[in-house]
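S.K.: Below are the structure tokens for one structure; questions will follow.
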Amino acid sequence: MFNMKQVGRKIVALRKAQNMTQTELADKMNVSFQAVSNWERGNSMPDISKLPQLASLFGCSVDELLEEKSELLHSAMKDGLQEYVENNEVSREELEAAVPVLKPDQVEKIANSMLLKNGDNINIFYPYLDDDALREVAERKVKKGESIDDMLEYLEEDYLGELALLLYEQGRPVDSYYDYMEEDQLSELARRKVKKGESIDDMLEYLEEDYLGELALLLYEQGKSVNSFYEYMEEDQLGELARCKAKKGESIDDMLEYLEEDYIGELALLLYEQGKSVNSFYEYMEEDQLSELAKRKIKKGESVEDMLEYLDSDFIKDIVLELMS
């Protein structure tokens, strides 16, 4: 496999042997100064159409310039690339070496030829394949029971979603697909999983907040645990869920850190009047609502000692003065 850094050092050595500057070399090769600089730093390779010209300029062969012989590249330089690939077994190492040097249309020709031969071991070509070819490769791999995780970033989202739904119905894992699926297909997959009584905790970060909230309320009414949904839900839906739980006399302590402070204060005052314990609400309440709660407790002759660390110092001073009068 060609080493770009090594080829870059070779170009530097050959240029200096010709007593040429980078600018002079760029002018002779009809490329930019930056292109020559990138070659010499090993950041890129000269285009295949430039290799014979560059070798001739330095008085060496292409093989000497690249410090490696490649029949694949020689065939490409003679416009015999497709014929060579079709009639010869090309190693993965030779393919990987050639890709940085070949033109995009040449890479596509190799990819299509390799695909027609067996469709296997061509993952280095994924960025160069069109959507139809990628689908064909994916379908072959899926049919063989092989993973296509290494293809997901190259496949169309709509196709990926369809494939994920199909594989899910076949009992195959599809969690690696979530990042690449469209929202409506993610929602459909979640709906199917819920219908089968399966957890969707691993999907929550990918689903729309509004859809998640509706689903959480539905699952809660079915008696399912939804605490894992809280951090992904919208505020109004969290509030609705909290109201449902409070109405049933259930604790909402596990929701407090996700609810709006103003809403928590209103709910605390309501629950307090119903005789419910609300001390777990204190750290999430706003100052004016804490003060109102304290006033109501004092009016009923109840202690506010458990609230002191949360109350405003001026309010506490007023309470003390009032109690002393």
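In the structure tokens, the first chain shown is A, the next is B, and so on; residue numbers restart at 1 for each chain, and ligands run from 1 in the order shown.
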Could you list, as a JSON list (two decimals) with C-alpha atoms, in the first residue's frame, every residue within 7 Å of stretch 247-262 of chain A, counting only C-alpha atoms and ignoring same-chain residues fewer than 4 positions away?

M.R.:
```json
[["chain", "number", "residue", "atom", "x", "y", "z"],
["A", 230, "TYR", "CA", -38.81, 12.50, 31.85],
["A", 231, "GLU", "CA", -35.60, 14.11, 30.57],
["A", 235, "GLU", "CA", -42.55, 20.86, 29.87],
["A", 238, "LEU", "CA", -44.38, 16.70, 32.06],
["A", 239, "GLY", "CA", -46.79, 18.96, 33.88],
["A", 242, "ALA", "CA", -47.36, 15.16, 37.16],
["A", 243, "ARG", "CA", -51.01, 16.23, 37.52],
["A", 266, "GLU", "CA", -48.35, 25.74, 42.46],
["A", 280, "SER", "CA", -39.29, 17.19, 48.99],
["A", 284, "TYR", "CA", -37.25, 23.18, 43.48],
["A", 285, "MET", "CA", -39.71, 25.96, 44.46],
["A", 286, "GLU", "CA", -39.45, 29.69, 43.78]]
```

S.K.: Can you work out which one of A:Lys299, A:Tyr177, A:Asp131, A:Tyr168 has the shortest atom-to-atom distance to A:Leu155, counting only C-alpha atoms?

M.R.: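 Ranked by minimum distance to A:Leu155, first place goes to A:Asp131.
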
S.K.: Find the residue from A:Ala55, A:Met29, A:Val90, A:Ala111 that sits nearest to A:Phe125; use only C-alpha atoms when measuring.

M.R.: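 Among A:Ala55, A:Met29, A:Val90, A:Ala111, it is A:Ala111 that comes nearest to A:Phe125.
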
S.K.: Select, from A:Lys69, A:Glu302, A:Ile110, A:Ala246, the residue with the minimum atom-to-atom distance to A:Asn88, counting only C-alpha atoms.

M.R.: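 Looking at the shortest contact to A:Asn88, the residue is A:Ile110.
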
S.K.: With only C-alpha atoms as the atoms that count, which of A:Val101, A:Leu72, A:Val107, A:Leu267 lies nearest to A:Lys50?

M.R.: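 Answer, going by the shortest atom-to-atom distance: A:Val101.
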
S.K.: Would you please extract all helix (DSSP H, G or I) residues from stretch 124-311 of chain A, as assigned by DSSP on the backbone, and give them as a ChimeraX atom specification?

M.R.: /A:124-128,131-143,149-154,157-169,175-180,183-195,201-206,209-221,227-232,235-247,253-258,261-273,279-284,287-299,305-310

S.K.: Pick from A:Asp47, A:Lys297, A:Leu102, A:Arg15: nearest to A:Tyr272, with only C-alpha atoms counted?

M.R.: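 For A:Tyr272, the nearest of the candidates is A:Lys297.
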
S.K.: Between atom CA of A:Leu163 and atom CA of A:Ile148, what is the distance, to one decimal in Å?

M.R.: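 Spanning atom CA of A:Leu163 to atom CA of A:Ile148 is a straight-line distance of 10.7 Å.
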